[in-house]
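Source file: model_24.txt (compact mmCIF, C-alpha atoms (C1' of nucleotides))
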# COMPACT_ATOMS: atom_id res chain seq x y z
CA MET E 1 -24.14 -28.69 60.26
CA GLY E 2 -25.10 -27.49 56.78
CA ARG E 3 -28.58 -28.86 57.22
CA PRO E 4 -30.52 -31.33 59.32
CA ALA E 5 -30.18 -35.00 58.48
CA VAL E 6 -33.63 -35.70 57.07
CA SER E 7 -34.61 -38.04 54.29
CA ILE E 8 -35.75 -36.48 51.04
CA SER E 9 -39.16 -38.10 51.36
CA SER E 10 -39.87 -36.20 54.56
CA VAL E 11 -39.21 -32.80 53.04
CA ASP E 12 -41.43 -30.55 50.99
CA PRO E 13 -40.27 -31.03 47.37
CA VAL E 14 -40.39 -27.29 46.79
CA LEU E 15 -37.94 -26.70 49.61
CA VAL E 16 -35.64 -29.38 48.28
CA GLU E 17 -35.74 -27.68 44.93
CA ALA E 18 -34.90 -24.31 46.43
CA ASP E 19 -31.93 -25.72 48.33
CA GLU E 20 -30.27 -27.52 45.50
CA ALA E 21 -27.27 -25.22 45.45
CA VAL E 22 -25.75 -27.23 48.32
CA PRO E 23 -26.51 -30.86 47.59
CA ASP E 24 -26.80 -33.29 50.46
CA ASP E 25 -24.65 -35.68 48.53
CA TYR E 26 -21.39 -33.76 48.65
CA HIS E 27 -19.19 -35.57 51.10
CA LEU E 28 -15.49 -34.92 51.18
CA GLN E 29 -14.75 -38.63 51.67
CA ASP E 30 -16.34 -39.49 48.34
CA GLN E 31 -14.43 -36.96 46.26
CA ILE E 32 -11.69 -38.20 43.99
CA GLY E 33 -9.29 -35.54 45.26
CA PHE E 34 -9.62 -36.66 48.84
CA ILE E 35 -9.24 -40.34 48.01
CA LEU E 36 -6.20 -39.66 45.83
CA ARG E 37 -4.63 -37.71 48.64
CA LYS E 38 -5.23 -40.53 51.12
CA ALA E 39 -3.90 -43.19 48.78
CA ASN E 40 -0.83 -41.08 48.26
CA GLN E 41 -0.39 -40.64 52.01
CA ARG E 42 -0.46 -44.37 52.56
CA HIS E 43 2.05 -44.91 49.79
CA LEU E 44 4.39 -42.28 51.23
CA ALA E 45 4.18 -43.92 54.65
CA ILE E 46 5.13 -47.29 53.15
CA PHE E 47 7.97 -45.62 51.28
CA ALA E 48 9.30 -43.93 54.40
CA ALA E 49 9.16 -47.18 56.35
CA ARG E 50 11.28 -49.02 53.77
CA ILE E 51 13.57 -46.25 52.56
CA SER E 52 14.60 -43.76 55.19
CA ASP E 53 17.68 -42.63 53.29
CA LEU E 54 15.84 -40.65 50.64
CA THR E 55 12.56 -38.85 50.14
CA PRO E 56 10.36 -40.04 47.25
CA PRO E 57 11.26 -37.03 45.08
CA GLN E 58 14.95 -37.63 45.71
CA PHE E 59 14.52 -41.27 44.84
CA ALA E 60 12.66 -40.34 41.66
CA ALA E 61 15.47 -38.04 40.58
CA LEU E 62 18.16 -40.66 41.16
CA ALA E 63 16.10 -43.42 39.53
CA LYS E 64 15.51 -41.32 36.44
CA LEU E 65 19.17 -40.32 36.19
CA HIS E 66 19.99 -44.00 36.46
CA GLU E 67 17.56 -44.67 33.63
CA VAL E 68 18.55 -41.93 31.19
CA GLY E 69 22.06 -40.90 32.21
CA GLU E 70 23.22 -37.31 32.19
CA THR E 71 20.49 -34.74 31.48
CA SER E 72 19.73 -31.10 32.00
CA GLN E 73 18.07 -30.18 35.24
CA ASN E 74 15.03 -28.93 33.36
CA GLN E 75 14.70 -32.08 31.27
CA LEU E 76 14.98 -34.16 34.41
CA GLY E 77 12.16 -32.14 35.91
CA THR E 78 9.98 -32.88 32.90
CA LEU E 79 10.75 -36.59 33.15
CA ILE E 80 9.80 -36.82 36.81
CA ALA E 81 6.91 -34.34 36.65
CA MET E 82 8.53 -31.73 38.86
CA ASP E 83 8.60 -28.01 38.19
CA ALA E 84 11.87 -26.12 37.79
CA ALA E 85 11.89 -24.59 41.24
CA THR E 86 11.19 -27.89 42.95
CA VAL E 87 13.70 -29.93 41.00
CA LYS E 88 16.37 -27.38 41.78
CA GLY E 89 15.91 -27.90 45.50
CA VAL E 90 15.92 -31.67 45.15
CA ILE E 91 19.08 -31.68 43.03
CA ASP E 92 20.88 -29.26 45.32
CA ARG E 93 20.21 -31.49 48.32
CA LEU E 94 21.38 -34.57 46.42
CA LYS E 95 24.50 -32.70 45.37
CA ALA E 96 25.16 -31.66 48.97
CA ARG E 97 25.12 -35.35 49.86
CA GLY E 98 27.45 -36.24 47.02
CA LEU E 99 24.89 -38.36 45.18
CA VAL E 100 24.79 -36.26 42.03
CA ASP E 101 27.10 -33.80 40.36
CA TYR E 102 26.42 -31.07 37.85
CA GLY E 103 27.99 -28.47 35.61
CA LYS E 104 27.24 -26.10 32.75
CA HIS E 105 26.79 -27.55 29.27
CA GLU E 106 29.70 -26.47 27.07
CA ALA E 107 27.76 -25.70 23.94
CA ASP E 108 24.53 -24.35 25.47
CA LYS E 109 25.48 -22.47 28.59
CA ARG E 110 21.86 -22.22 29.73
CA LEU E 111 21.80 -25.93 30.52
CA LEU E 112 22.82 -27.38 33.85
CA MET E 113 23.80 -30.96 33.14
CA VAL E 114 23.19 -33.36 36.03
CA LYS E 115 24.53 -36.87 36.53
CA LEU E 116 24.92 -39.53 39.19
CA THR E 117 28.17 -39.79 41.12
CA ALA E 118 29.60 -43.23 41.86
CA ASP E 119 27.97 -43.01 45.29
CA GLY E 120 24.67 -42.02 43.75
CA PHE E 121 24.89 -44.89 41.29
CA ALA E 122 25.59 -47.41 44.05
CA MET E 123 22.81 -45.96 46.19
CA ILE E 124 20.12 -46.16 43.52
CA GLU E 125 21.12 -49.68 42.48
CA ARG E 126 20.77 -50.70 46.10
CA LEU E 127 17.38 -49.00 46.50
CA ILE E 128 15.60 -50.01 43.31
CA PRO E 129 14.78 -53.50 44.62
CA LEU E 130 13.36 -51.91 47.77
CA ALA E 131 11.29 -49.56 45.64
CA ALA E 132 9.86 -52.53 43.78
CA GLN E 133 8.83 -53.97 47.15
CA ILE E 134 7.23 -50.65 48.08
CA THR E 135 5.13 -50.79 44.94
CA LEU E 136 4.06 -54.33 45.79
CA GLU E 137 3.19 -53.47 49.37
CA THR E 138 1.19 -50.43 48.30
CA LEU E 139 -0.83 -52.60 45.92
CA ALA E 140 -1.07 -55.55 48.30
CA PRO E 141 -4.79 -55.01 49.03
CA LEU E 142 -5.55 -55.68 45.35
CA THR E 143 -5.61 -58.78 43.19
CA ALA E 144 -3.35 -58.95 40.14
CA ARG E 145 -6.34 -58.23 37.94
CA GLU E 146 -7.38 -55.24 40.05
CA ILE E 147 -3.86 -53.85 39.91
CA GLY E 148 -3.98 -53.84 36.13
CA THR E 149 -7.34 -52.12 36.14
CA LEU E 150 -6.29 -49.50 38.68
CA MET E 151 -3.10 -48.62 36.83
CA ARG E 152 -4.98 -48.32 33.56
CA LEU E 153 -7.70 -46.06 34.99
CA LEU E 154 -5.30 -43.95 37.03
CA GLY E 155 -3.23 -43.50 33.89
CA LYS E 156 -6.26 -42.05 32.18
CA ILE E 157 -6.73 -39.30 34.74
CA ALA E 158 -3.02 -38.65 35.39
CA MET P 1 22.70 -45.06 31.97
CA GLY P 2 22.24 -48.10 34.21
CA ARG P 3 22.87 -50.40 31.29
CA PRO P 4 22.94 -50.28 27.51
CA ALA P 5 19.63 -50.41 25.69
CA VAL P 6 19.84 -53.85 24.15
CA SER P 7 17.15 -56.44 23.72
CA ILE P 8 17.28 -59.47 25.98
CA SER P 9 17.68 -61.74 23.00
CA SER P 10 20.98 -60.12 22.11
CA VAL P 11 22.51 -60.65 25.53
CA ASP P 12 24.22 -63.66 27.01
CA PRO P 13 21.57 -65.23 29.30
CA VAL P 14 24.19 -65.77 31.98
CA LEU P 15 24.94 -62.07 32.10
CA VAL P 16 21.26 -61.25 32.28
CA GLU P 17 20.98 -63.65 35.16
CA ALA P 18 23.91 -62.12 36.99
CA ASP P 19 22.45 -58.64 36.68
CA GLU P 20 19.06 -59.36 38.13
CA ALA P 21 19.54 -57.20 41.21
CA VAL P 22 18.58 -54.17 39.13
CA PRO P 23 15.76 -55.38 36.94
CA ASP P 24 15.30 -53.88 33.52
CA ASP P 25 11.64 -53.63 34.26
CA TYR P 26 11.78 -51.00 36.95
CA HIS P 27 10.56 -47.85 35.32
CA LEU P 28 9.48 -44.90 37.40
CA GLN P 29 6.55 -44.22 35.08
CA ASP P 30 5.01 -47.61 35.85
CA GLN P 31 5.17 -47.32 39.63
CA ILE P 32 1.96 -46.71 41.52
CA GLY P 33 3.57 -43.91 43.53
CA PHE P 34 4.52 -41.95 40.45
CA ILE P 35 1.11 -42.39 38.82
CA LEU P 36 -0.70 -41.40 42.01
CA ARG P 37 1.43 -38.29 42.22
CA LYS P 38 0.67 -37.34 38.63
CA ALA P 39 -3.06 -37.95 39.00
CA ASN P 40 -2.99 -35.79 42.09
CA GLN P 41 -1.12 -33.05 40.25
CA ARG P 42 -3.71 -32.96 37.52
CA HIS P 43 -6.50 -32.80 40.06
CA LEU P 44 -4.84 -29.94 41.91
CA ALA P 45 -4.42 -28.03 38.66
CA ILE P 46 -8.13 -28.43 37.88
CA PHE P 47 -8.96 -27.33 41.42
CA ALA P 48 -6.77 -24.23 41.18
CA ALA P 49 -8.32 -23.29 37.84
CA ARG P 50 -11.87 -23.39 39.25
CA ILE P 51 -11.30 -22.23 42.83
CA SER P 52 -8.62 -19.61 43.26
CA ASP P 53 -9.98 -18.38 46.58
CA LEU P 54 -8.86 -21.37 48.62
CA THR P 55 -6.28 -24.13 48.52
CA PRO P 56 -7.55 -27.72 48.55
CA PRO P 57 -6.62 -28.24 52.22
CA GLN P 58 -8.39 -25.02 53.17
CA PHE P 59 -11.43 -26.11 51.20
CA ALA P 60 -11.36 -29.50 52.90
CA ALA P 61 -11.30 -27.89 56.34
CA LEU P 62 -14.25 -25.60 55.56
CA ALA P 63 -16.22 -28.39 53.87
CA LYS P 64 -15.78 -30.68 56.84
CA LEU P 65 -16.72 -27.97 59.33
CA HIS P 66 -19.81 -27.37 57.23
CA GLU P 67 -20.57 -31.07 57.42
CA VAL P 68 -20.00 -31.70 61.12
CA GLY P 69 -20.28 -28.30 62.76
CA GLU P 70 -18.01 -27.22 65.60
CA THR P 71 -15.16 -29.64 66.39
CA SER P 72 -11.78 -29.71 68.00
CA GLN P 73 -8.82 -28.86 65.81
CA ASN P 74 -7.42 -32.33 66.35
CA GLN P 75 -10.67 -34.08 65.50
CA LEU P 76 -10.94 -31.97 62.36
CA GLY P 77 -7.46 -33.09 61.39
CA THR P 78 -8.47 -36.71 61.78
CA LEU P 79 -11.56 -36.18 59.65
CA ILE P 80 -9.64 -34.58 56.79
CA ALA P 81 -6.54 -36.78 57.11
CA MET P 82 -4.21 -34.00 58.15
CA ASP P 83 -1.68 -34.16 60.97
CA ALA P 84 -1.82 -31.79 63.92
CA ALA P 85 0.97 -29.50 62.77
CA THR P 86 -0.49 -29.15 59.29
CA VAL P 87 -4.06 -28.54 60.37
CA LYS P 88 -2.92 -25.85 62.75
CA GLY P 89 -1.40 -23.86 59.91
CA VAL P 90 -4.48 -24.28 57.74
CA ILE P 91 -6.85 -23.21 60.52
CA ASP P 92 -4.70 -20.23 61.46
CA ARG P 93 -4.75 -18.96 57.89
CA LEU P 94 -8.52 -19.44 57.67
CA LYS P 95 -8.94 -17.60 60.96
CA ALA P 96 -6.76 -14.75 59.69
CA ARG P 97 -9.20 -14.41 56.79
CA GLY P 98 -12.22 -14.47 59.07
CA LEU P 99 -13.58 -17.74 57.68
CA VAL P 100 -13.36 -19.71 60.91
CA ASP P 101 -13.22 -18.85 64.58
CA TYR P 102 -11.98 -20.83 67.55
CA GLY P 103 -11.67 -20.90 71.32
CA LYS P 104 -10.86 -23.18 74.24
CA HIS P 105 -13.38 -25.81 75.23
CA GLU P 106 -14.84 -24.93 78.62
CA ALA P 107 -14.85 -28.38 80.14
CA ASP P 108 -11.72 -29.83 78.54
CA LYS P 109 -9.21 -27.04 78.27
CA ARG P 110 -6.92 -29.07 76.03
CA LEU P 111 -9.37 -28.79 73.16
CA LEU P 112 -9.39 -25.95 70.66
CA MET P 113 -12.92 -25.84 69.30
CA VAL P 114 -13.17 -24.59 65.71
CA LYS P 115 -16.26 -23.45 63.80
CA LEU P 116 -17.25 -21.58 60.65
CA THR P 117 -17.98 -17.88 60.79
CA ALA P 118 -20.93 -16.50 58.82
CA ASP P 119 -18.46 -15.56 56.09
CA GLY P 120 -16.96 -19.02 56.13
CA PHE P 121 -20.40 -20.59 55.94
CA ALA P 122 -21.38 -18.44 52.97
CA MET P 123 -18.06 -19.13 51.26
CA ILE P 124 -18.26 -22.91 51.54
CA GLU P 125 -21.90 -23.01 50.43
CA ARG P 126 -20.88 -21.03 47.37
CA LEU P 127 -17.89 -23.28 46.62
CA ILE P 128 -19.35 -26.75 47.13
CA PRO P 129 -21.08 -26.75 43.73
CA LEU P 130 -17.79 -25.75 42.12
CA ALA P 131 -16.05 -28.57 43.96
CA ALA P 132 -18.58 -31.02 42.57
CA GLN P 133 -17.67 -29.75 39.10
CA ILE P 134 -13.98 -30.20 39.88
CA THR P 135 -14.63 -33.82 40.76
CA LEU P 136 -16.50 -34.30 37.49
CA GLU P 137 -13.80 -32.66 35.43
CA THR P 138 -11.07 -34.72 37.09
CA LEU P 139 -12.98 -37.90 36.25
CA ALA P 140 -14.04 -36.75 32.78
CA PRO P 141 -11.66 -39.14 30.96
CA LEU P 142 -13.55 -42.10 32.46
CA THR P 143 -16.92 -43.68 31.82
CA ALA P 144 -19.44 -43.89 34.65
CA ARG P 145 -18.60 -47.55 35.07
CA GLU P 146 -14.87 -46.83 35.19
CA ILE P 147 -15.40 -44.13 37.78
CA GLY P 148 -17.07 -46.61 40.07
CA THR P 149 -14.29 -49.10 39.59
CA LEU P 150 -11.55 -46.54 40.16
CA MET P 151 -13.11 -45.20 43.34
CA ARG P 152 -13.57 -48.71 44.69
CA LEU P 153 -9.98 -49.79 43.98
CA LEU P 154 -8.46 -46.53 45.17
CA GLY P 155 -10.48 -46.87 48.34
CA LYS P 156 -8.84 -50.23 48.93
CA ILE P 157 -5.33 -48.81 48.87
CA ALA P 158 -6.14 -45.50 50.60
C1' DT W 1 -5.72 -40.55 95.42
C1' DC W 2 -1.91 -39.70 93.02
C1' DA W 3 1.84 -40.93 89.95
C1' DA W 4 2.06 -42.74 85.22
C1' DA W 5 0.28 -42.73 80.87
C1' DT W 6 -2.52 -40.25 77.34
C1' DT W 7 -4.30 -36.66 74.76
C1' DC W 8 -4.20 -32.17 72.62
C1' DA W 9 -2.05 -28.25 70.86
C1' DT W 10 2.08 -25.82 69.69
C1' DT W 11 6.68 -25.13 67.91
C1' DC W 12 10.77 -26.23 65.24
C1' DG W 13 13.20 -28.01 61.40
C1' DT W 14 13.36 -29.91 56.87
C1' DA W 15 11.45 -30.93 52.35
C1' DT W 16 8.35 -30.56 48.77
C1' DG W 17 5.31 -27.83 45.45
C1' DC W 18 4.18 -24.12 42.57
C1' DA W 19 3.32 -19.16 40.82
C1' DA W 20 5.73 -15.21 39.52
C1' DA W 21 9.61 -12.38 38.56
C1' DT W 22 14.39 -12.05 36.86
C1' DG W 23 18.69 -12.58 34.31
C1' DA W 24 21.49 -15.11 31.06
C1' DT W 25 21.65 -17.36 26.83
C1' DA W 26 19.95 -19.06 22.43
C1' DT W 27 16.99 -19.04 18.46
C1' DC W 28 14.09 -16.99 15.09
C1' DA W 29 12.59 -13.92 11.64
C1' DA W 30 12.27 -9.88 9.01
C1' DT Y 1 22.27 -8.76 11.38
C1' DT Y 2 19.67 -7.62 15.02
C1' DG Y 3 15.54 -7.03 17.59
C1' DA Y 4 11.77 -9.99 19.28
C1' DT Y 5 10.86 -14.28 21.21
C1' DA Y 6 11.83 -18.40 23.62
C1' DT Y 7 14.30 -21.35 26.83
C1' DC Y 8 16.71 -22.43 31.08
C1' DA Y 9 17.98 -21.71 35.69
C1' DT Y 10 17.47 -19.14 39.82
C1' DT Y 11 15.21 -16.67 43.47
C1' DT Y 12 11.36 -15.28 46.35
C1' DG Y 13 7.14 -15.98 48.71
C1' DC Y 14 3.56 -18.72 50.32
C1' DA Y 15 1.34 -23.10 51.60
C1' DT Y 16 1.32 -27.74 52.65
C1' DA Y 17 3.39 -32.01 54.94
C1' DC Y 18 5.25 -34.47 58.69
C1' DG Y 19 8.67 -36.16 62.42
C1' DA Y 20 10.13 -34.89 66.84
C1' DA Y 21 10.15 -32.37 71.03
C1' DT Y 22 7.53 -29.78 74.53
C1' DG Y 23 4.09 -28.21 77.82
C1' DA Y 24 -0.62 -28.19 79.54
C1' DA Y 25 -4.57 -30.77 80.79
C1' DT Y 26 -6.97 -35.04 81.50
C1' DT Y 27 -7.56 -39.89 82.36
C1' DT Y 28 -6.19 -44.20 84.17
C1' DG Y 29 -4.87 -47.69 87.27
C1' DA Y 30 -2.81 -49.66 91.27

Starting from the file, give its structure as structure tokens.
Amino acid sequence: MGRPAVSISSVDPVLVEADEAVPDDYHLQDQIGFILRKANQRHLAIFAARISDLTPPQFAALAKLHEVGETSQNQLGTLIAMDAATVKGVIDRLKARGLVDYGKHEADKRLLMVKLTADGFAMIERLIPLAAQITLETLAPLTAREIGTLMRLLGKIA
Amino acid sequence: MGRPAVSISSVDPVLVEADEAVPDDYHLQDQIGFILRKANQRHLAIFAARISDLTPPQFAALAKLHEVGETSQNQLGTLIAMDAATVKGVIDRLKARGLVDYGKHEADKRLLMVKLTADGFAMIERLIPLAAQITLETLAPLTAREIGTLMRLLGKIA
DNA sequence: TCAAATTCATTCGTATGCAAATGATATCAA
DNA sequence: TTGATATCATTTGCATACGAATGAATTTGA
């Protein structure tokens, strides 16, 4: 809609100049934000197909607790890039399912210390191999060399 | 937690072997899903800093309507990679703000045809240059060559 | 032609995701 | 020591996201 589909060469250069505020070359499909969102969507679909037990954020929380042991809810949020309000919801749902447990820190009563339960530990140990497969499947369209490149470049803008 | 932080060389090889179900080398930070999520987070933060008027999904809807003109709500969802339930919410909020308008298709009464209002048209024409800047800022850590590579590889897994 | 299958939109329920405000606790600094 | 500042967790409000179920309208195929 924005404008008729004409080639630059067929248009008066002065008019092209005057219209530059809305470039012809802005297409949603070519924007990094849109492509990131689509790549993420595909990854989430692969995740859901292989792990129906947990959502990706829930998996991330359990995996990180498995990695670092008991931590404060806030610190956990920092480690998995989740803000305080979001991590609270995730942890509460995991607690409701008996996968994590938490309690106040004795010395610093501001801290809510979170840890895996035995069930949570068993669950994450079972799921980590599946998660590794999810990573592989997500990257399956790429060669080993391309995977390295993509991870390196994505890391730069993350 | 999962296991003590010891170097492989200090561990009985047989024990290492027996423990392979939960590889030492699974780290959330290195998974494509986690990196994609973080890259997306950074992009969204840049977007919010430059465009406070609209959310990214709202912008996407207006930008696509600007590109293709009047379309059905469902078709719009396909074009911007949004499912029917989600796009409905986005369009309803845009309609409430007078940026889009919609009505039943005369021939095919299943279709809800959506289009920009004059206000919506003016708004998106004003914002598209800002969106182009957002794209640039998101990609600022990369060279021109790296940008091309990243877009190509991301496109493969999107 | 007409019953079955499809398509489109809507609604419901659940789960992020984040800004902003609030209260409790801890730390810092004069 | 104590008032200002900072940190942590919680709550609220709004906006995606998406699976699943539902109803209306259209298309298809025997």

Show me, as a ChimeraX atom specification, the residues that have an atom within 9 Å of DG17 in chain W when counting all atoms listed in the file, minus same-chain residues fewer than 5 positions from it. /E:82-83,85-86 /Y:15-16

Discussion item. I need the contact residues of chain W against chain E, so if you could list those with any atom within 9 Å, counting only C-alpha atoms (C1' of nucleotides), and return them as a VMD selection string, that would help.
Written reply: chain W and resid 15 to 18 24 to 26

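Within 8 Å of chain P, counting only C-alpha atoms (C1' of nucleotides), chain Y contributes DT16, DA17, DC18, DA24, DA25 and DT26 of chain Y.
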
Write the residues of the selection above to a file with C-alpha atoms (C1' of nucleotides), as an mmCIF file, in the frame of the given file.
data_model
loop_
_atom_site.group_PDB
_atom_site.id
_atom_site.type_symbol
_atom_site.label_atom_id
_atom_site.label_comp_id
_atom_site.auth_asym_id
_atom_site.auth_seq_id
_atom_site.Cartn_x
_atom_site.Cartn_y
_atom_site.Cartn_z
ATOM 1 C "C1'" DT Y 16 1.320 -27.740 52.650
ATOM 2 C "C1'" DA Y 17 3.390 -32.010 54.940
ATOM 3 C "C1'" DC Y 18 5.250 -34.470 58.690
ATOM 4 C "C1'" DA Y 24 -0.620 -28.190 79.540
ATOM 5 C "C1'" DA Y 25 -4.570 -30.770 80.790
ATOM 6 C "C1'" DT Y 26 -6.970 -35.040 81.500
#

Show me, as a Markdown table, the residues of chain E having an atom within 6 Å of chain P, each with the closest atom pair and its distance in Å, using only C-alpha atoms.
| residue | atom | partner | partner_atom | distance |
| --- | --- | --- | --- | --- |
| E:Met1 | CA | P:Gly69 | CA | 4.6 |
| E:Gly2 | CA | P:His66 | CA | 5.3 |
| E:Lys38 | CA | P:Ala158 | CA | 5.1 |
| E:Ala39 | CA | P:Ala158 | CA | 3.7 |
| E:His66 | CA | P:Gly2 | CA | 5.2 |
| E:Glu67 | CA | P:Met1 | CA | 5.4 |
| E:Val68 | CA | P:Met1 | CA | 5.3 |
| E:Gly69 | CA | P:Met1 | CA | 4.2 |
| E:Ile157 | CA | P:Ala39 | CA | 5.8 |
| E:Ala158 | CA | P:Ala39 | CA | 3.7 |

Practice problem: Mind giving me the straight-line distance from CA of Gly120 in chain E to CA of Ala96 in chain E in Å, one decimal? | Solution: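 About the pair CA of Gly120 in chain E and CA of Ala96 in chain E: they are 11.6 Å apart.
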
* To do: One decimal, Å: what's the distance from CA of Gly103 in chain P over to CA of Asp53 in chain P, could you say?
  =>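 Calculated distance between CA of Gly103 in chain P and CA of Asp53 in chain P is 24.9 Å.
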
Spatial neighbours of DG19 in chain Y, max dist 10 Å, all atoms listed in the file, sep filter under 2 positions, as a PDB file with C-alpha atoms (C1' of nucleotides), in the frame of the given file:
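Final output, part-v9.pdb:
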ATOM      1  C1'  DG W  13      13.200 -28.010  61.400  1.00  0.00           C
ATOM      2  C1'  DT W  14      13.360 -29.910  56.870  1.00  0.00           C
TER       3       DT W  14
ATOM      4  C1'  DA Y  21      10.150 -32.370  71.030  1.00  0.00           C
TER       5       DA Y  21
END

Between CA of Ile46 in chain P and CA of Gly148 in chain P, what is the distance, to one decimal in Å?
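Distance between the two atoms: 20.4 Å.
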
Near-Thr117 in chain E list (9 Å; all atoms listed in the file; drop same-chain fewer than 6 positions) as a PDB file with C-alpha atoms, in the coordinates of the input:
ATOM      1  CA  GLY E  98      27.450 -36.240  47.020  1.00  0.00           C
ATOM      2  CA  LEU E  99      24.890 -38.360  45.180  1.00  0.00           C
ATOM      3  CA  VAL E 100      24.790 -36.260  42.030  1.00  0.00           C
ATOM      4  CA  ASP E 101      27.100 -33.800  40.360  1.00  0.00           C
TER       5      ASP E 101
END

Would you mind completing range 133-139 of chain E to all heavy atoms and writing the output as a short mmCIF file (atom, residue, chain, number, x, y, z; two decimals), in the coordinates of the input?
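And here is the file that came out, result29.cif:
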data_model
loop_
_atom_site.label_atom_id
_atom_site.label_comp_id
_atom_site.auth_asym_id
_atom_site.auth_seq_id
_atom_site.Cartn_x
_atom_site.Cartn_y
_atom_site.Cartn_z
N GLN E 133 9.61 -53.42 46.02
CA GLN E 133 8.83 -53.97 47.15
C GLN E 133 7.79 -52.97 47.65
O GLN E 133 6.69 -53.35 48.05
CB GLN E 133 9.77 -54.34 48.30
CG GLN E 133 10.58 -55.59 48.05
CD GLN E 133 11.57 -55.86 49.18
OE1 GLN E 133 11.35 -55.48 50.32
NE2 GLN E 133 12.67 -56.52 48.86
N ILE E 134 8.17 -51.70 47.65
CA ILE E 134 7.23 -50.65 48.08
C ILE E 134 6.01 -50.63 47.17
O ILE E 134 4.87 -50.54 47.64
CB ILE E 134 7.94 -49.28 48.08
CG1 ILE E 134 8.95 -49.22 49.22
CG2 ILE E 134 6.94 -48.14 48.17
CD1 ILE E 134 9.92 -48.06 49.14
N THR E 135 6.25 -50.73 45.89
CA THR E 135 5.13 -50.79 44.94
C THR E 135 4.23 -51.98 45.26
O THR E 135 3.00 -51.84 45.33
CB THR E 135 5.68 -50.90 43.51
OG1 THR E 135 6.33 -49.67 43.16
CG2 THR E 135 4.56 -51.18 42.51
N LEU E 136 4.86 -53.14 45.48
CA LEU E 136 4.06 -54.33 45.79
C LEU E 136 3.25 -54.16 47.06
O LEU E 136 2.07 -54.50 47.11
CB LEU E 136 4.99 -55.55 45.92
CG LEU E 136 5.59 -56.08 44.62
CD1 LEU E 136 6.47 -57.29 44.91
CD2 LEU E 136 4.48 -56.45 43.63
N GLU E 137 3.89 -53.61 48.10
CA GLU E 137 3.19 -53.47 49.37
C GLU E 137 2.03 -52.48 49.25
O GLU E 137 0.96 -52.67 49.83
CB GLU E 137 4.17 -53.01 50.46
CG GLU E 137 3.52 -52.99 51.83
CD GLU E 137 4.51 -52.66 52.95
OE1 GLU E 137 5.73 -52.78 52.71
OE2 GLU E 137 4.06 -52.28 54.04
N THR E 138 2.26 -51.41 48.49
CA THR E 138 1.19 -50.43 48.30
C THR E 138 -0.02 -51.07 47.63
O THR E 138 -1.17 -50.78 47.95
CB THR E 138 1.70 -49.26 47.44
OG1 THR E 138 2.80 -48.63 48.10
CG2 THR E 138 0.59 -48.23 47.20
N LEU E 139 0.25 -51.98 46.70
CA LEU E 139 -0.83 -52.60 45.92
C LEU E 139 -1.32 -53.90 46.54
O LEU E 139 -2.22 -54.55 46.00
CB LEU E 139 -0.33 -52.86 44.50
CG LEU E 139 0.01 -51.60 43.69
CD1 LEU E 139 0.72 -51.94 42.40
CD2 LEU E 139 -1.27 -50.79 43.41
#
